[in-house]
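*Asks:* Input structure: start-v5.txt, which contains compact mmCIF, C-alpha atoms and all ligand atoms.
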# COMPACT_ATOMS: atom_id res chain seq x y z
CA MET A 17 -5.10 33.00 23.95
CA VAL A 18 -7.42 30.05 24.54
CA LEU A 19 -8.19 29.88 20.83
CA LEU A 20 -4.50 29.94 20.03
CA LEU A 21 -3.91 27.10 22.46
CA VAL A 22 -6.73 25.02 20.97
CA GLY A 23 -5.34 25.71 17.50
CA ALA A 24 -1.87 24.62 18.57
CA MET A 25 -3.26 21.44 20.12
CA VAL A 26 -5.13 20.56 16.95
CA VAL A 27 -1.93 21.03 14.94
CA VAL A 28 0.08 18.93 17.39
CA MET A 29 -2.55 16.18 17.40
CA GLY A 30 -2.62 16.23 13.61
CA LEU A 31 1.16 15.86 13.50
CA VAL A 32 1.07 13.01 16.02
CA VAL A 33 -1.54 11.13 14.01
CA PHE A 34 0.41 11.78 10.80
CA TRP A 35 3.82 10.65 12.08
CA VAL A 36 2.87 8.11 14.77
CA GLU A 37 -0.24 6.54 13.18
CA PRO A 38 -1.68 5.09 16.38
CA LEU A 39 -3.73 2.03 15.44
CA GLY A 40 -6.39 3.36 17.84
CA VAL A 41 -7.50 6.07 15.39
CA LEU A 42 -8.04 3.50 12.66
CA GLY A 43 -11.57 2.72 13.83
CA VAL A 44 -12.55 6.35 13.18
CA LEU A 45 -11.09 6.27 9.67
CA GLU A 46 -12.83 2.98 8.93
CA ARG A 47 -16.17 4.42 10.00
CA LEU A 48 -15.67 7.61 7.99
CA THR A 49 -14.62 5.78 4.81
CA PRO A 50 -16.20 2.31 4.90
CA ASN A 51 -15.37 1.68 1.22
CA ILE A 52 -11.64 1.65 1.88
CA VAL A 53 -9.69 -1.20 3.42
CA TYR A 54 -6.98 -0.14 5.88
CA ARG A 55 -6.44 -3.52 7.54
CA VAL A 56 -8.08 -6.92 7.67
CA ARG A 57 -9.68 -8.10 10.87
CA THR A 58 -8.23 -11.50 11.60
CA GLU A 59 -6.76 -13.54 14.39
CA LEU A 60 -4.46 -15.40 12.02
CA PRO A 61 -0.78 -14.45 12.44
CA LEU A 62 -0.63 -12.82 9.00
CA VAL A 63 0.35 -9.34 7.83
CA ALA A 64 0.41 -7.93 4.31
CA LEU A 65 3.21 -6.02 2.65
CA SER A 66 2.61 -3.67 -0.23
CA PHE A 67 4.96 -1.69 -2.47
CA ASP A 68 3.82 1.31 -4.48
CA ASP A 69 4.71 3.26 -7.60
CA GLY A 70 6.78 0.62 -9.41
CA PRO A 71 7.92 -1.17 -11.33
CA HIS A 72 11.39 0.36 -10.89
CA PRO A 73 14.30 -1.15 -12.83
CA ALA A 74 16.70 -1.02 -9.85
CA PHE A 75 14.69 -1.02 -6.63
CA THR A 76 11.97 -3.54 -7.49
CA PRO A 77 14.51 -6.34 -8.14
CA GLN A 78 16.22 -5.49 -4.82
CA VAL A 79 12.90 -5.78 -2.99
CA LEU A 80 12.14 -9.06 -4.77
CA GLU A 81 15.52 -10.47 -3.69
CA ILE A 82 14.92 -9.57 -0.02
CA LEU A 83 11.39 -11.00 -0.10
CA LYS A 84 12.73 -14.24 -1.56
CA GLN A 85 15.38 -14.53 1.16
CA HIS A 86 12.69 -14.13 3.81
CA GLU A 87 10.11 -16.32 2.06
CA ALA A 88 7.69 -13.40 2.10
CA LYS A 89 5.04 -12.46 -0.44
CA ALA A 90 3.75 -8.97 -1.18
CA THR A 91 1.39 -6.90 -3.30
CA PHE A 92 2.92 -4.50 -5.82
CA PHE A 93 0.70 -1.56 -6.79
CA LEU A 94 2.00 -0.72 -10.25
CA ILE A 95 1.66 2.46 -12.26
CA GLY A 96 0.46 1.69 -15.79
CA GLU A 97 2.96 3.86 -17.69
CA ARG A 98 5.85 2.38 -15.74
CA ALA A 99 4.61 -1.16 -16.31
CA LEU A 100 4.77 -0.45 -20.06
CA ARG A 101 8.35 0.75 -19.70
CA TYR A 102 9.59 -2.22 -17.65
CA PRO A 103 7.55 -5.28 -18.69
CA GLU A 104 10.39 -7.62 -17.67
CA VAL A 105 10.14 -6.38 -14.07
CA VAL A 106 6.35 -6.90 -14.12
CA ALA A 107 6.90 -10.44 -15.40
CA ARG A 108 9.41 -11.15 -12.63
CA ILE A 109 7.03 -9.89 -9.90
CA ARG A 110 4.40 -12.25 -11.25
CA ALA A 111 6.77 -15.20 -11.77
CA GLU A 112 7.91 -14.98 -8.15
CA GLY A 113 4.36 -15.37 -6.92
CA HIS A 114 3.52 -11.87 -5.79
CA GLU A 115 0.25 -10.07 -6.30
CA ILE A 116 -0.21 -7.08 -8.59
CA GLY A 117 -2.58 -4.22 -7.91
CA ASN A 118 -3.72 -1.24 -9.99
CA HIS A 119 -2.12 2.07 -8.97
CA TYR A 120 -3.53 4.05 -11.91
CA LEU A 121 -1.92 5.10 -15.17
CA ARG A 122 0.29 7.94 -14.00
CA ASN A 123 1.66 9.12 -10.72
CA GLY A 124 -0.39 12.13 -9.62
CA ALA A 125 -3.83 12.61 -8.18
CA THR A 126 -7.00 11.48 -9.92
CA LEU A 127 -8.89 14.45 -8.52
CA GLY A 128 -8.97 16.49 -11.73
CA HIS A 129 -10.24 13.56 -13.79
CA SER A 130 -13.77 13.11 -15.07
CA ASN A 131 -15.48 9.75 -14.64
CA GLU A 132 -14.63 8.85 -18.25
CA GLU A 133 -10.97 9.74 -17.85
CA PHE A 134 -10.82 7.87 -14.56
CA MET A 135 -12.30 4.68 -16.03
CA GLY A 136 -10.12 5.01 -19.14
CA ASN A 137 -6.99 5.26 -17.03
CA LEU A 138 -7.98 2.28 -14.89
CA GLU A 139 -8.49 0.19 -18.04
CA LYS A 140 -5.26 1.38 -19.71
CA THR A 141 -3.41 0.35 -16.55
CA GLU A 142 -5.04 -3.09 -16.66
CA ARG A 143 -3.86 -3.54 -20.24
CA ALA A 144 -0.38 -2.24 -19.38
CA ILE A 145 -0.02 -4.72 -16.54
CA GLY A 146 -1.28 -7.40 -18.88
CA ALA A 147 -1.16 -11.19 -18.55
CA GLY A 148 -4.95 -11.27 -18.81
CA GLU A 149 -5.55 -11.90 -15.16
CA LYS A 150 -8.21 -9.97 -13.30
CA LEU A 151 -6.82 -7.40 -10.89
CA GLU A 152 -8.63 -7.29 -7.57
CA LEU A 153 -7.05 -4.34 -5.80
CA PHE A 154 -6.90 -0.63 -6.53
CA ARG A 155 -4.92 1.93 -4.58
CA PRO A 156 -5.53 5.52 -5.67
CA PRO A 157 -2.31 7.44 -6.41
CA GLY A 158 -1.31 9.56 -3.43
CA GLY A 159 -3.95 7.71 -1.40
CA VAL A 160 -6.72 10.11 -2.42
CA ALA A 161 -9.66 9.93 -4.80
CA TRP A 162 -13.19 11.29 -4.94
CA ALA A 163 -15.94 9.13 -3.48
CA ARG A 164 -17.46 8.84 -7.00
CA GLN A 165 -14.16 7.43 -8.27
CA ILE A 166 -13.96 4.88 -5.45
CA ARG A 167 -17.54 3.90 -6.35
CA LEU A 168 -16.59 3.45 -10.04
CA ALA A 169 -13.57 1.34 -9.14
CA ARG A 170 -15.75 -0.83 -6.91
CA GLU A 171 -18.31 -1.25 -9.69
CA ARG A 172 -15.48 -2.52 -11.87
CA GLY A 173 -14.78 -5.17 -9.27
CA TYR A 174 -11.96 -3.54 -7.37
CA THR A 175 -11.45 -3.44 -3.64
CA CYS A 176 -9.85 -0.12 -2.70
CA VAL A 177 -6.98 -0.58 -0.30
CA LEU A 178 -4.78 1.78 1.67
CA GLY A 179 -3.00 0.51 4.79
CA CYS A 180 -2.32 1.11 8.48
CA ALA A 181 1.47 1.16 8.68
CA TYR A 182 2.79 3.82 6.33
CA PRO A 183 6.10 5.53 7.17
CA HIS A 184 5.78 8.27 4.51
CA ASP A 185 8.87 6.89 2.82
CA PRO A 186 8.53 9.16 -0.26
CA MET A 187 9.46 11.99 2.16
CA HIS A 188 12.73 10.14 2.93
CA PRO A 189 12.51 9.87 6.72
CA PRO A 190 15.46 8.11 8.40
CA VAL A 191 15.62 4.31 8.23
CA TRP A 192 15.13 4.00 12.00
CA TYR A 193 11.79 5.84 11.73
CA ILE A 194 10.59 3.63 8.86
CA ARG A 195 11.39 0.53 10.90
CA TRP A 196 9.99 1.92 14.15
CA LEU A 197 6.65 2.97 12.69
CA ILE A 198 6.02 -0.28 10.85
CA GLU A 199 7.27 -2.59 13.61
CA LYS A 200 5.10 -0.83 16.19
CA ASN A 201 2.00 -1.34 14.01
CA LEU A 202 2.69 -4.98 13.06
CA ALA A 203 -0.28 -6.97 14.32
CA PRO A 204 -2.49 -9.64 12.72
CA GLY A 205 -4.20 -8.09 9.69
CA THR A 206 -1.92 -5.04 9.35
CA ILE A 207 -1.34 -3.75 5.81
CA VAL A 208 2.11 -2.14 5.37
CA ILE A 209 2.73 0.48 2.67
CA LEU A 210 6.24 1.07 1.34
CA HIS A 211 7.52 2.48 -1.95
CA ASP A 212 9.87 0.76 -4.37
CA GLY A 213 8.97 3.05 -7.29
CA ILE A 214 10.14 6.43 -5.99
CA ALA A 215 13.25 8.14 -7.37
CA ASN A 216 15.28 7.10 -4.33
CA ALA A 217 13.94 4.08 -2.47
CA LYS A 218 17.26 3.25 -0.77
CA ARG A 219 15.93 3.82 2.73
CA SER A 220 12.77 1.79 2.14
CA VAL A 221 14.89 -1.09 0.83
CA ALA A 222 17.38 -0.72 3.70
CA ALA A 223 14.60 -0.92 6.30
CA LEU A 224 12.98 -4.02 4.80
CA PRO A 225 15.14 -6.91 6.12
CA GLN A 226 14.73 -5.81 9.74
CA ILE A 227 11.00 -5.27 9.32
CA LEU A 228 10.69 -8.83 8.00
CA ALA A 229 12.81 -10.15 10.88
CA ALA A 230 10.76 -8.20 13.45
CA GLY A 231 7.54 -9.65 12.07
CA ARG A 232 8.91 -13.17 12.23
CA LYS A 233 9.95 -12.58 15.85
CA LYS A 234 6.35 -11.64 16.61
CA GLY A 235 5.26 -14.92 14.98
CA LEU A 236 3.80 -13.16 11.93
CA ARG A 237 4.00 -14.27 8.31
CA PHE A 238 4.12 -11.78 5.44
CA VAL A 239 1.67 -12.41 2.62
CA SER A 240 0.02 -10.45 -0.20
CA ILE A 241 -3.09 -8.43 0.58
CA GLY A 242 -5.17 -10.82 -1.52
CA GLU A 243 -3.98 -13.82 0.46
CA LEU A 244 -4.53 -12.02 3.76
CA ARG A 245 -8.12 -11.29 2.74
CA ARG A 246 -8.84 -14.76 1.41
CA ARG A 247 -7.40 -16.56 4.43
CA SER A 248 -9.36 -14.29 6.74
CA GLY A 249 -12.57 -15.06 4.92
CA GLY A 250 -12.62 -11.61 3.28
CA GLN A 251 -14.93 -10.36 5.99
CA GLY A 252 -14.71 -7.91 8.83
CA GLU A 253 -12.69 -5.26 7.01
ZN ZN B 1 1.75 5.98 -5.20
Starting from the file, lay out its structure as structure tokens.

*Replies:*
Amino acid sequence: MVLLLVGAMVVVMGLVVFWVEPLGVLGVLERLTPNIVYRVRTELPLVALSFDDGPHPAFTPQVLEILKQHEAKATFFLIGERALRYPEVVARIRAEGHEIGNHYLRNGATLGHSNEEFMGNLEKTERAIGAGEKLELFRPPGGVAWARQIRLARERGYTCVLGCAYPHDPMHPPVWYIRWLIEKNLAPGTIVILHDGIANAKRSVAALPQILAAGRKKGLRFVSIGELRRRSGGQGE
């Protein structure tokens, strides 16, 4: 009985952490995985927005429009194969002053990949994204990678970034939940994760204007992850 109760509590706590993402547990994560950036420690009134899995021919332009209306900048973690398919969307992201990060060649975990395959896929994605600029940020697909892969990405000059306000939008939760989770976690240095590149990103797009308005009400400005890190002196992550 006691065991059952403990088991149930662990499950409940796991669910709470998964769906509520209290910022308080972040310190534990940061200690357990010091090579991954979840937020940037800063007192500046800045937060970073990031969008994953694009470029998408319909949703990415919608996101870009909303960002422009709100004078916000973001980081787009692009998938190499999709960047090859929609180069005009990649060019527009860049032309509008946003940052581009490496989100690997294909959607799907890196876990079955050897070191050679992993490096090959990172490089192919760099070429697919093009424009010759050096990419600074890597976000592993699905948010998971082996420690050896994180090490290889770092050796190639990447900073590996997840975030601390992620509403699991690929699971299509209601718009109110997406807004609630992100708005609750908006604080200086927060990194928001949303998806513009999933098959149906309607809810993520629908939640965005209010998230941007809520941040502004808190006195926060939305910038790319790179700018957030640079302005904060790139330390204390
Ligand atoms: Zn992804």

*Asks:* Which one of A:Ile214, A:Leu153, A:Leu228, A:Leu48 sits closest to Pro71 in chain A if you count all atoms listed in the file?

*Replies:*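 Of A:Ile214, A:Leu153, A:Leu228, A:Leu48, the one nearest Pro71 in chain A is A:Ile214, counting all atoms listed in the file.
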
*Asks:* Select from chain A every residue with an atom at most 8 Å from any atom of ligand ZN 1 (chain B), then for each give the shortest pair of atoms and their distance in Å to one decimal, using all atoms listed in the file, rows by chain and rising number, as a tab-separated table.

*Replies:*
residue	atom	partner	partner_atom	distance
A:Asp68	CA	B:ZN1	ZN	5.2
A:Asp69	CA	B:ZN1	ZN	4.7
A:Phe93	CA	B:ZN1	ZN	7.8
A:Ile95	CA	B:ZN1	ZN	7.9
A:His119	CA	B:ZN1	ZN	6.7
A:Asn123	CA	B:ZN1	ZN	6.4
A:Gly124	CA	B:ZN1	ZN	7.9
A:Arg155	CA	B:ZN1	ZN	7.8
A:Pro156	CA	B:ZN1	ZN	7.3
A:Pro157	CA	B:ZN1	ZN	4.5
A:Gly158	CA	B:ZN1	ZN	5.0
A:Gly159	CA	B:ZN1	ZN	7.1
A:His211	CA	B:ZN1	ZN	7.5

*Asks:* What does the distance from CA of Tyr193 in chain A to CA of Phe238 in chain A come to in Å, to one decimal?

*Replies:* 20.2 Å

*Asks:* Within 10 Å of Lys200 in chain A, counting all atoms listed in the file, which residues show up once you throw out same-chain ones fewer than 2 positions away? Write them as number ranges by chain, please.

*Replies:* A: 36-39, 181, 195-198, 202-203, 230

*Asks:* Would you pick out the contacts of Val79 in chain A at 9 Å or less, using all atoms listed in the file, so that residues sharing its chain but fewer than 5 positions from it are not included, and give the list as a list of chain:residue names?

*Replies:* A:Phe67, A:Lys84, A:Asp212, A:Val221, A:Leu224

*Asks:* Name the closest residue to Ile209 in chain A among the candidates A:Ala107, A:Ala24, A:Val177, A:Ile52; distances are taken between atoms, counting all atoms listed in the file.

*Replies:* A:Val177

*Asks:* Report, in Å to a single decimal, how far apart CA of Met187 in chain A and CA of Lys218 in chain A are.

*Replies:*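 CA of Lys218 in chain A sits 12.1 Å away from CA of Met187 in chain A.
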
*Asks:* Thr126 in chain A: which residues within 10 Å, counting all atoms listed in the file, same-chain residues fewer than 4 positions away excluded, as a PyMOL selection string?

*Replies:* chain A and resi 120-122+130-131+133-134+137+156-162+165

*Asks:* So the first atom is CA of Asn216 in chain A and the second is CA of Val27 in chain A; what is the distance between them in Å, to one decimal place?

*Replies:*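 CA of Asn216 in chain A sits 29.4 Å away from CA of Val27 in chain A.
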
*Asks:* Nearest to Val53 in chain A: which of A:His72, A:Lys89, A:Arg172, A:Arg245 is it, counting all atoms listed in the file?

*Replies:* A:Arg245

*Asks:* Please list as a PyMOL selection string every residue within 12 Å of Gly146 in chain A, counting all atoms listed in the file and excluding residues in the same chain fewer than 3 positions away.

*Replies:* chain A and resi 94+96+99-100+103-104+106-107+110+116-118+139-143+149-151

*Asks:* My list of candidates is A:Gly70, A:Pro61, A:Gly249, A:Gly23. Which is closest to Ala215 in chain A when distances are computed with only C-alpha atoms?

*Replies:*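 For Ala215 in chain A, the nearest of the candidates is A:Gly70.
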